[in-house]
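Below: data.cif (mmCIF, C-alpha atoms)
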data_my_file
loop_
_atom_site.label_atom_id
_atom_site.label_comp_id
_atom_site.auth_asym_id
_atom_site.auth_seq_id
_atom_site.Cartn_x
_atom_site.Cartn_y
_atom_site.Cartn_z
CA ARG A 1 245.56 126.14 4.82
CA PRO A 2 243.82 122.78 5.46
CA PRO A 3 246.14 120.16 6.98
CA ARG A 4 247.75 117.64 4.64
CA SER A 5 245.68 114.81 6.15
CA THR A 6 242.51 116.65 5.14
CA LEU A 7 243.38 117.10 1.47
CA PHE A 8 245.62 114.14 0.67
CA PRO A 9 242.88 111.50 0.20
CA TYR A 10 241.09 113.81 -2.23
CA THR A 11 243.96 114.92 -4.46
CA THR A 12 242.65 112.98 -7.45
CA LEU A 13 239.15 114.38 -7.04
CA PHE A 14 240.35 117.96 -6.59
CA ARG A 15 243.33 117.79 -8.93
CA SER A 16 241.75 120.03 -11.57
CA LYS A 17 240.79 122.61 -8.94
CA ILE A 18 244.23 122.65 -7.29
CA THR A 19 245.99 122.64 -10.67
CA SER A 20 244.02 125.75 -11.58
CA ILE A 21 245.35 127.46 -8.45
CA LEU A 22 248.88 126.34 -9.29
CA LEU A 23 248.60 127.67 -12.83
CA GLN A 24 247.39 131.04 -11.58
CA SER A 25 250.45 131.13 -9.34
CA GLY A 26 252.93 130.33 -12.10
CA ALA A 27 253.79 126.88 -10.77
CA ASP A 28 255.09 124.11 -13.05
CA VAL A 29 252.29 121.56 -13.18
CA GLU A 30 253.67 119.37 -15.94
CA LYS A 31 255.10 116.93 -13.38
CA LEU A 32 251.87 116.61 -11.43
CA ARG A 33 250.09 113.29 -11.81
CA PRO A 34 246.69 112.25 -10.37
CA ASP A 35 248.37 109.43 -8.44
CA ASN A 36 251.18 111.53 -7.00
CA GLY A 37 249.48 113.16 -4.05
CA THR A 38 252.76 113.88 -2.23
CA LEU A 39 254.20 115.84 -5.15
CA LEU A 40 250.93 117.68 -5.64
CA MET A 41 250.66 118.72 -2.00
CA SER A 42 254.34 119.71 -1.95
CA ALA A 43 253.70 122.07 -4.85
CA VAL A 44 250.66 123.53 -3.13
CA GLU A 45 252.48 124.02 0.18
CA ASN A 46 255.29 125.96 -1.56
CA LEU A 47 252.81 128.55 -2.82
CA ASN A 48 252.31 131.90 -1.19
CA VAL A 49 248.69 131.87 -2.41
CA PRO A 50 246.41 130.22 0.19
CA LEU A 51 243.86 127.65 -0.82
CA VAL A 52 240.27 128.65 -0.32
CA LYS A 53 238.59 127.24 2.76
CA HIS A 54 236.35 124.88 0.87
CA ILE A 55 236.39 123.80 -2.77
CA ILE A 56 232.90 123.87 -4.23
CA GLU A 57 231.51 122.39 -7.43
CA LYS A 58 229.55 124.32 -10.06
CA ASP A 59 226.07 123.40 -8.80
CA GLU A 60 227.02 124.35 -5.25
CA THR A 61 228.59 127.57 -6.51
CA GLN A 62 225.33 128.63 -8.12
CA GLU A 63 223.43 127.75 -4.96
CA VAL A 64 225.76 129.92 -2.86
CA ILE A 65 225.25 132.87 -5.23
CA ALA A 66 221.47 132.42 -5.45
CA LYS A 67 221.11 132.25 -1.65
CA ARG A 68 223.03 135.48 -1.25
CA VAL A 69 221.00 137.23 -3.96
CA ALA A 70 217.77 136.29 -2.16
CA GLN A 71 218.91 138.33 0.86
CA GLU A 72 218.56 141.48 -1.26
CA PHE A 73 214.80 141.05 -1.78
CA HIS A 74 212.23 142.83 0.37
CA ASN A 75 208.53 142.23 0.92
CA ASN A 76 206.41 143.22 -2.09
CA ASP A 77 209.38 143.97 -4.34
CA VAL A 78 208.67 143.65 -8.04
CA ILE A 79 211.66 141.78 -9.44
CA THR A 80 212.84 140.49 -12.81
CA LEU A 81 215.28 137.61 -13.06
CA GLY A 82 217.52 136.81 -16.01
CA ILE A 83 217.64 133.27 -17.38
CA GLY A 84 219.82 130.66 -15.73
CA LEU A 85 221.39 131.29 -12.34
CA PRO A 86 219.33 134.42 -11.42
CA THR A 87 216.03 132.48 -11.57
CA LYS A 88 217.24 130.26 -8.72
CA ALA A 89 217.26 133.15 -6.24
CA VAL A 90 213.53 133.04 -5.48
CA THR A 91 213.96 129.43 -4.33
CA TYR A 92 215.79 130.77 -1.26
CA LEU A 93 213.47 133.60 -0.23
CA PRO A 94 213.18 134.11 3.54
CA ASP A 95 209.86 132.86 4.95
CA ASN A 96 208.68 136.38 5.75
CA VAL A 97 209.38 137.83 2.29
CA GLU A 98 206.99 137.73 -0.66
CA VAL A 99 207.94 139.22 -4.00
CA ILE A 100 206.21 139.72 -7.32
CA VAL A 101 208.25 138.20 -10.14
CA GLN A 102 207.85 139.73 -13.59
CA SER A 103 208.91 137.90 -16.74
CA GLU A 104 209.56 139.98 -19.83
CA ASN A 105 207.57 137.65 -22.06
CA GLY A 106 204.40 138.87 -20.35
CA VAL A 107 203.87 137.27 -16.94
CA LEU A 108 203.44 139.11 -13.64
CA GLY A 109 203.39 136.90 -10.56
CA VAL A 110 205.65 134.04 -11.69
CA GLY A 111 205.64 131.13 -9.24
CA THR A 112 207.81 128.09 -8.69
CA TYR A 113 208.74 125.44 -11.21
CA PRO A 114 205.84 123.01 -11.75
CA HIS A 115 205.79 119.31 -11.03
CA GLU A 116 205.87 117.31 -14.25
CA SER A 117 202.36 115.99 -13.56
CA VAL A 118 200.84 119.50 -13.70
CA LYS A 119 203.24 121.20 -16.10
CA ASP A 120 201.57 123.36 -18.76
CA GLU A 121 203.84 123.82 -21.78
CA ARG A 122 202.10 127.11 -22.61
CA ILE A 123 203.23 128.80 -19.40
CA THR A 124 206.95 129.61 -19.44
CA ASN A 125 209.35 132.30 -18.34
CA ALA A 126 211.44 134.34 -20.77
CA GLY A 127 213.94 131.49 -21.02
CA GLY A 128 211.26 129.06 -22.19
CA VAL A 129 211.31 127.14 -18.90
CA GLY A 130 207.96 125.99 -17.54
CA VAL A 131 206.69 127.93 -14.52
CA THR A 132 203.58 128.30 -12.39
CA ILE A 133 201.57 131.45 -11.70
CA ASN A 134 200.99 132.61 -8.13
CA PRO A 135 197.49 133.51 -6.93
CA GLY A 136 196.75 137.02 -8.18
CA GLY A 137 199.23 136.69 -11.02
CA CYS A 138 198.33 137.67 -14.57
CA PHE A 139 199.36 137.55 -18.19
CA ILE A 140 200.14 140.83 -19.96
CA ASP A 141 201.05 141.81 -23.52
CA SER A 142 204.59 142.76 -24.57
CA LEU A 143 203.74 146.47 -24.67
CA THR A 144 202.68 146.42 -21.02
CA SER A 145 205.55 144.15 -20.00
CA PHE A 146 208.20 146.37 -21.55
CA GLY A 147 206.40 149.42 -20.23
CA LEU A 148 206.97 148.06 -16.72
CA MET A 149 210.64 147.47 -17.49
CA ARG A 150 211.34 150.79 -19.20
CA GLY A 151 209.14 152.89 -16.97
CA GLY A 152 210.99 152.38 -13.69
CA HIS A 153 208.44 150.00 -12.17
CA ILE A 154 210.86 147.11 -11.46
CA ASP A 155 212.45 147.34 -8.01
CA ILE A 156 215.28 144.84 -8.57
CA THR A 157 216.66 143.16 -11.68
CA VAL A 158 219.08 140.25 -11.36
CA LEU A 159 221.13 139.28 -14.41
CA GLY A 160 224.15 137.19 -15.24
CA ALA A 161 227.18 138.63 -17.01
CA LEU A 162 230.05 137.81 -19.30
CA GLN A 163 231.93 140.79 -17.92
CA VAL A 164 231.34 143.66 -15.51
CA ASP A 165 233.80 146.40 -14.66
CA GLN A 166 234.71 148.78 -11.86
CA GLU A 167 232.69 151.60 -13.48
CA GLY A 168 229.46 149.59 -13.34
CA ASN A 169 229.47 148.75 -17.05
CA LEU A 170 227.84 145.47 -18.08
CA ALA A 171 228.54 143.12 -21.00
CA ASN A 172 226.26 140.10 -21.06
CA TRP A 173 224.82 139.59 -24.52
CA CYS A 174 227.49 139.05 -27.17
CA ILE A 175 230.90 137.51 -27.81
CA PRO A 176 232.14 138.80 -31.21
CA GLY A 177 232.50 136.01 -33.74
CA LYS A 178 230.10 133.69 -31.93
CA PHE A 179 226.41 133.19 -32.64
CA THR A 180 224.04 135.19 -30.48
CA PRO A 181 220.25 135.27 -30.79
CA GLY A 182 220.19 138.97 -29.85
CA MET A 183 220.16 141.18 -26.80
CA GLY A 184 216.55 140.43 -25.88
CA GLY A 185 215.16 142.64 -23.12
CA ALA A 186 218.44 143.06 -21.24
CA MET A 187 219.03 146.65 -22.37
CA ASP A 188 215.50 147.68 -21.38
CA LEU A 189 215.83 145.99 -18.01
CA VAL A 190 219.16 147.46 -16.95
CA VAL A 191 218.23 151.00 -17.99
CA GLY A 192 214.77 150.95 -16.39
CA THR A 193 215.28 149.06 -13.14
CA LYS A 194 215.71 150.78 -9.78
CA LYS A 195 218.50 148.40 -8.73
CA LEU A 196 220.64 146.10 -10.87
CA ILE A 197 222.34 143.07 -9.30
CA ILE A 198 224.81 140.97 -11.27
CA ALA A 199 224.84 137.34 -10.12
CA MET A 200 227.63 135.35 -11.70
CA GLU A 201 230.57 133.05 -11.11
CA HIS A 202 233.68 135.04 -10.26
CA THR A 203 235.81 133.70 -13.10
CA SER A 204 235.37 131.94 -16.44
CA LYS A 205 237.89 129.22 -17.28
CA GLY A 206 240.19 130.75 -14.69
CA MET A 207 239.98 134.26 -16.15
CA PRO A 208 238.59 137.22 -14.18
CA LYS A 209 235.12 138.52 -15.09
CA ILE A 210 235.28 141.62 -12.86
CA LEU A 211 237.54 143.91 -14.88
CA LYS A 212 238.99 147.39 -14.94
CA LYS A 213 237.19 147.92 -18.25
CA CYS A 214 234.85 145.61 -20.18
CA THR A 215 236.30 144.41 -23.49
CA LEU A 216 233.08 142.89 -24.87
CA PRO A 217 230.20 144.91 -26.40
CA LEU A 218 228.29 146.63 -23.61
CA THR A 219 224.69 145.99 -22.69
CA ALA A 220 224.61 149.25 -20.72
CA ALA A 221 227.04 151.71 -19.14
CA HIS A 222 227.24 152.74 -15.48
CA LYS A 223 224.12 150.83 -14.42
CA VAL A 224 225.34 148.01 -12.14
CA ASN A 225 224.70 148.52 -8.41
CA LEU A 226 225.82 145.21 -6.85
CA ILE A 227 227.95 142.24 -7.95
CA ILE A 228 227.43 138.92 -6.17
CA THR A 229 229.70 135.94 -6.81
CA GLU A 230 230.62 132.81 -4.89
CA LYS A 231 233.65 134.69 -3.54
CA GLY A 232 232.02 137.85 -2.24
CA VAL A 233 229.84 140.92 -2.72
CA PHE A 234 230.94 144.16 -4.40
CA GLU A 235 229.07 147.45 -4.35
CA VAL A 236 229.56 149.80 -7.30
CA THR A 237 229.94 153.42 -6.19
CA PRO A 238 231.01 156.66 -7.93
CA GLN A 239 234.37 156.22 -6.18
CA GLY A 240 234.81 152.66 -7.48
CA LEU A 241 234.21 149.11 -6.28
CA LEU A 242 233.79 148.37 -2.58
CA LEU A 243 234.26 144.79 -1.39
CA ARG A 244 231.41 144.55 1.12
CA GLU A 245 231.49 140.83 1.96
CA ILE A 246 233.91 137.93 1.70
CA SER A 247 232.33 134.53 1.23
CA PRO A 248 233.23 131.66 3.57
CA TYR A 249 234.37 129.87 0.40
CA SER A 250 237.05 132.47 -0.32
CA SER A 251 239.55 134.85 1.24
CA LEU A 252 240.77 138.37 0.60
CA GLU A 253 243.92 136.99 -1.02
CA ASP A 254 241.87 134.71 -3.27
CA ILE A 255 239.64 137.60 -4.37
CA LYS A 256 242.65 139.80 -5.12
CA ASN A 257 244.16 137.05 -7.25
CA THR A 258 240.99 136.49 -9.28
CA THR A 259 239.76 140.09 -9.72
CA GLU A 260 241.31 142.41 -12.30
CA ALA A 261 239.35 145.48 -11.17
CA ASP A 262 240.60 147.80 -8.46
CA PHE A 263 238.55 147.70 -5.28
CA THR A 264 238.53 149.00 -1.73
CA LEU A 265 237.92 146.79 1.29
CA ALA A 266 234.82 148.07 3.10
CA LEU A 267 233.29 145.04 4.79
CA ASN A 268 229.77 145.20 6.15
CA LYS A 269 230.08 141.75 7.67
CA VAL A 270 232.65 139.05 7.01
CA ASN A 271 231.21 135.80 5.66
CA LYS A 272 227.64 137.08 5.59
CA SER A 273 227.15 134.79 2.59
CA ALA A 274 227.29 131.82 4.95
CA ASN A 275 223.92 132.75 6.44
#
structure tokens encoding of this file:
Amino acid sequence: RPPRSTLFPYTTLFRSKITSILLQSGADVEKLRPDNGTLLMSAVENLNVPLVKHIIEKDETQEVIAKRVAQEFHNNDVITLGIGLPTKAVTYLPDNVEVIVQSENGVLGVGTYPHESVKDERITNAGGVGVTINPGGCFIDSLTSFGLMRGGHIDITVLGALQVDQEGNLANWCIPGKFTPGMGGAMDLVVGTKKLIIAMEHTSKGMPKILKKCTLPLTAAHKVNLIITEKGVFEVTPQGLLLREISPYSSLEDIKNTTEADFTLALNKVNKSAN
């Protein structure tokens, strides 16, 4: 646990984060006030649940996840990235790795985001975000694009998720009772890809997203290979989930407290995500 002198000046800034930890631990937070750092730290110190090593904000969380995802890419891989967080992964490619990014709306060889001065509104990824095209890239029709996705020609697909479970089931397209524009190409991608990586934040509003069994409508069953969050990396195997890495921003105790699914500790390398 960080020393009191380290956290005390920042109790107001981190109050919501620490309160979340207290709530998860069953502590009474009604008496906690932003200006009462002593009371707040006293409550934290009485917990048996350790604080994570470093509290990170949402933007930094996504950066941590994207950097770790990029380590999964190999030279000349053909990859497809879901909208949002997954698209950030190519920003952190190692210098010696070049990949071919496919976008389901009909682009092969997607490049970086364009500068506003050269942005072409007609060239976008599947999320409608403006992109550039790398040398050698091309535009293809939907039939060809979905043929690549369904035909097993995509090496790695990276998607976000609402829920994923210990059996490798994925739910990422619908919350019953809320508006959804449709599943899009997610079903085609997860069934056709050679490797499916889920890149997501570990929890949503304090609730676990890695579950024993998904409760939301499934996108696909038994298709997830790897789960990467800001807390660690899980591999999905026929025997269940294996915790392969623990992030420097978390701990084994923290992961246990925020993961509903059963998992086995089988570390490849502790804190590899720090690289």
Q.
Translate the PyMOL selection byres ((chain A and resi 141) around 12) into a concrete residue list for this structure, as a VMD selection string.
A. chain A and resid 103 to 108 138 to 140 142 to 148
Q.
I need the output of the PyMOL selection byres ((chain A and resi 161) around 9) for this file as a PyMOL selection string; which residues are they?
A. chain A and resi 159-160+162-164+170-173+198-201+209
Residues matched by the PyMOL selection byres ((chain A and resi 184) around 12) as a PDB file with C-alpha atoms, keeping the file's coordinate frame:
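Once written, part-v3.pdb looks like this:
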ATOM      1  CA  GLY A  82     217.520 136.810 -16.010  1.00  0.00           C
ATOM      2  CA  ILE A  83     217.640 133.270 -17.380  1.00  0.00           C
ATOM      3  CA  GLU A 104     209.560 139.980 -19.830  1.00  0.00           C
ATOM      4  CA  ASN A 105     207.570 137.650 -22.060  1.00  0.00           C
ATOM      5  CA  ALA A 126     211.440 134.340 -20.770  1.00  0.00           C
ATOM      6  CA  GLY A 127     213.940 131.490 -21.020  1.00  0.00           C
ATOM      7  CA  PHE A 146     208.200 146.370 -21.550  1.00  0.00           C
ATOM      8  CA  ASN A 172     226.260 140.100 -21.060  1.00  0.00           C
ATOM      9  CA  TRP A 173     224.820 139.590 -24.520  1.00  0.00           C
ATOM     10  CA  CYS A 174     227.490 139.050 -27.170  1.00  0.00           C
ATOM     11  CA  THR A 180     224.040 135.190 -30.480  1.00  0.00           C
ATOM     12  CA  PRO A 181     220.250 135.270 -30.790  1.00  0.00           C
ATOM     13  CA  GLY A 182     220.190 138.970 -29.850  1.00  0.00           C
ATOM     14  CA  MET A 183     220.160 141.180 -26.800  1.00  0.00           C
ATOM     15  CA  GLY A 185     215.160 142.640 -23.120  1.00  0.00           C
ATOM     16  CA  ALA A 186     218.440 143.060 -21.240  1.00  0.00           C
ATOM     17  CA  MET A 187     219.030 146.650 -22.370  1.00  0.00           C
ATOM     18  CA  ASP A 188     215.500 147.680 -21.380  1.00  0.00           C
ATOM     19  CA  LEU A 189     215.830 145.990 -18.010  1.00  0.00           C
ATOM     20  CA  VAL A 190     219.160 147.460 -16.950  1.00  0.00           C
ATOM     21  CA  THR A 219     224.690 145.990 -22.690  1.00  0.00           C
TER      22      THR A 219
END
Q: Point out the residue among A:Cys214, A:Val110, A:Val233, A:Val158 with the least atom-to-atom distance to Ala261 of chain A, counting all atoms listed in the file.
A: A:Cys214
Test item: axis-aligned box, all listed atoms of segment 247-253 of chain A, 8 Å on each side, centre and edges in Å rounded to one decimal, as AutoDock Vina command-line options:
--center_x 238.1 --center_y 134.1 --center_z 1.3 --size_x 27.6 --size_y 24.5 --size_z 20.6
Q) What is the atom CA of Gly130 of chain A-atom CA of Thr157 of chain A distance in Å, reported with one decimal? A)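 Between atom CA of Gly130 of chain A and atom CA of Thr157 of chain A the gap works out to 20.1 Å.
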(Q) Quick one: residues within 8 Å of segment 96-102 of chain A, all atoms listed in the file, excluding same-chain residues fewer than 3 positions away - as a list of chain:residue names? (A) A:Phe73, A:His74, A:Asn75, A:Asn76, A:Asp77, A:Val78, A:Ile79, A:Thr80, A:Leu81, A:Leu93, A:Gly106, A:Val107, A:Leu108, A:Gly109, A:Val110, A:Gly111
Those residues with C-alpha atoms, as a PDB file, in the frame of the given file please?
ATOM      1  CA  PHE A  73     214.800 141.050  -1.780  1.00  0.00           C
ATOM      2  CA  HIS A  74     212.230 142.830   0.370  1.00  0.00           C
ATOM      3  CA  ASN A  75     208.530 142.230   0.920  1.00  0.00           C
ATOM      4  CA  ASN A  76     206.410 143.220  -2.090  1.00  0.00           C
ATOM      5  CA  ASP A  77     209.380 143.970  -4.340  1.00  0.00           C
ATOM      6  CA  VAL A  78     208.670 143.650  -8.040  1.00  0.00           C
ATOM      7  CA  ILE A  79     211.660 141.780  -9.440  1.00  0.00           C
ATOM      8  CA  THR A  80     212.840 140.490 -12.810  1.00  0.00           C
ATOM      9  CA  LEU A  81     215.280 137.610 -13.060  1.00  0.00           C
ATOM     10  CA  LEU A  93     213.470 133.600  -0.230  1.00  0.00           C
ATOM     11  CA  GLY A 106     204.400 138.870 -20.350  1.00  0.00           C
ATOM     12  CA  VAL A 107     203.870 137.270 -16.940  1.00  0.00           C
ATOM     13  CA  LEU A 108     203.440 139.110 -13.640  1.00  0.00           C
ATOM     14  CA  GLY A 109     203.390 136.900 -10.560  1.00  0.00           C
ATOM     15  CA  VAL A 110     205.650 134.040 -11.690  1.00  0.00           C
ATOM     16  CA  GLY A 111     205.640 131.130  -9.240  1.00  0.00           C
TER      17      GLY A 111
END
Q) Separation of atom CA of Glu230 of chain A and atom CA of Ile65 of chain A, in Å? A)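 Straight-line distance from atom CA of Glu230 of chain A to atom CA of Ile65 of chain A works out to 5.4 Å.
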Q. Separation of atom CA of Ser117 of chain A and atom CA of Ala89 of chain A, in Å?
A.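 Atom-to-atom, atom CA of Ser117 of chain A and atom CA of Ala89 of chain A are spaced 23.9 Å apart.
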Q. Using all atoms listed in the file, which of the listed residues (A:Thr237, A:Gly206, A:Lys212, A:Lys223) sits closest to Lys194 of chain A?
A. A:Lys223
Q) Could you name the residues that touch Tyr92 of chain A at 8 Å or less, counting all atoms listed in the file, but leaving out those on the same chain fewer than 5 positions away, as a VMD selection string? A) chain A and resid 66 to 67 70
Q | Shell around Tyr113 of chain A at 9 Å using all atoms listed in the file, local window under 2 positions removed, as a PyMOL selection string | A | chain A and resi 111+115+119+129-132
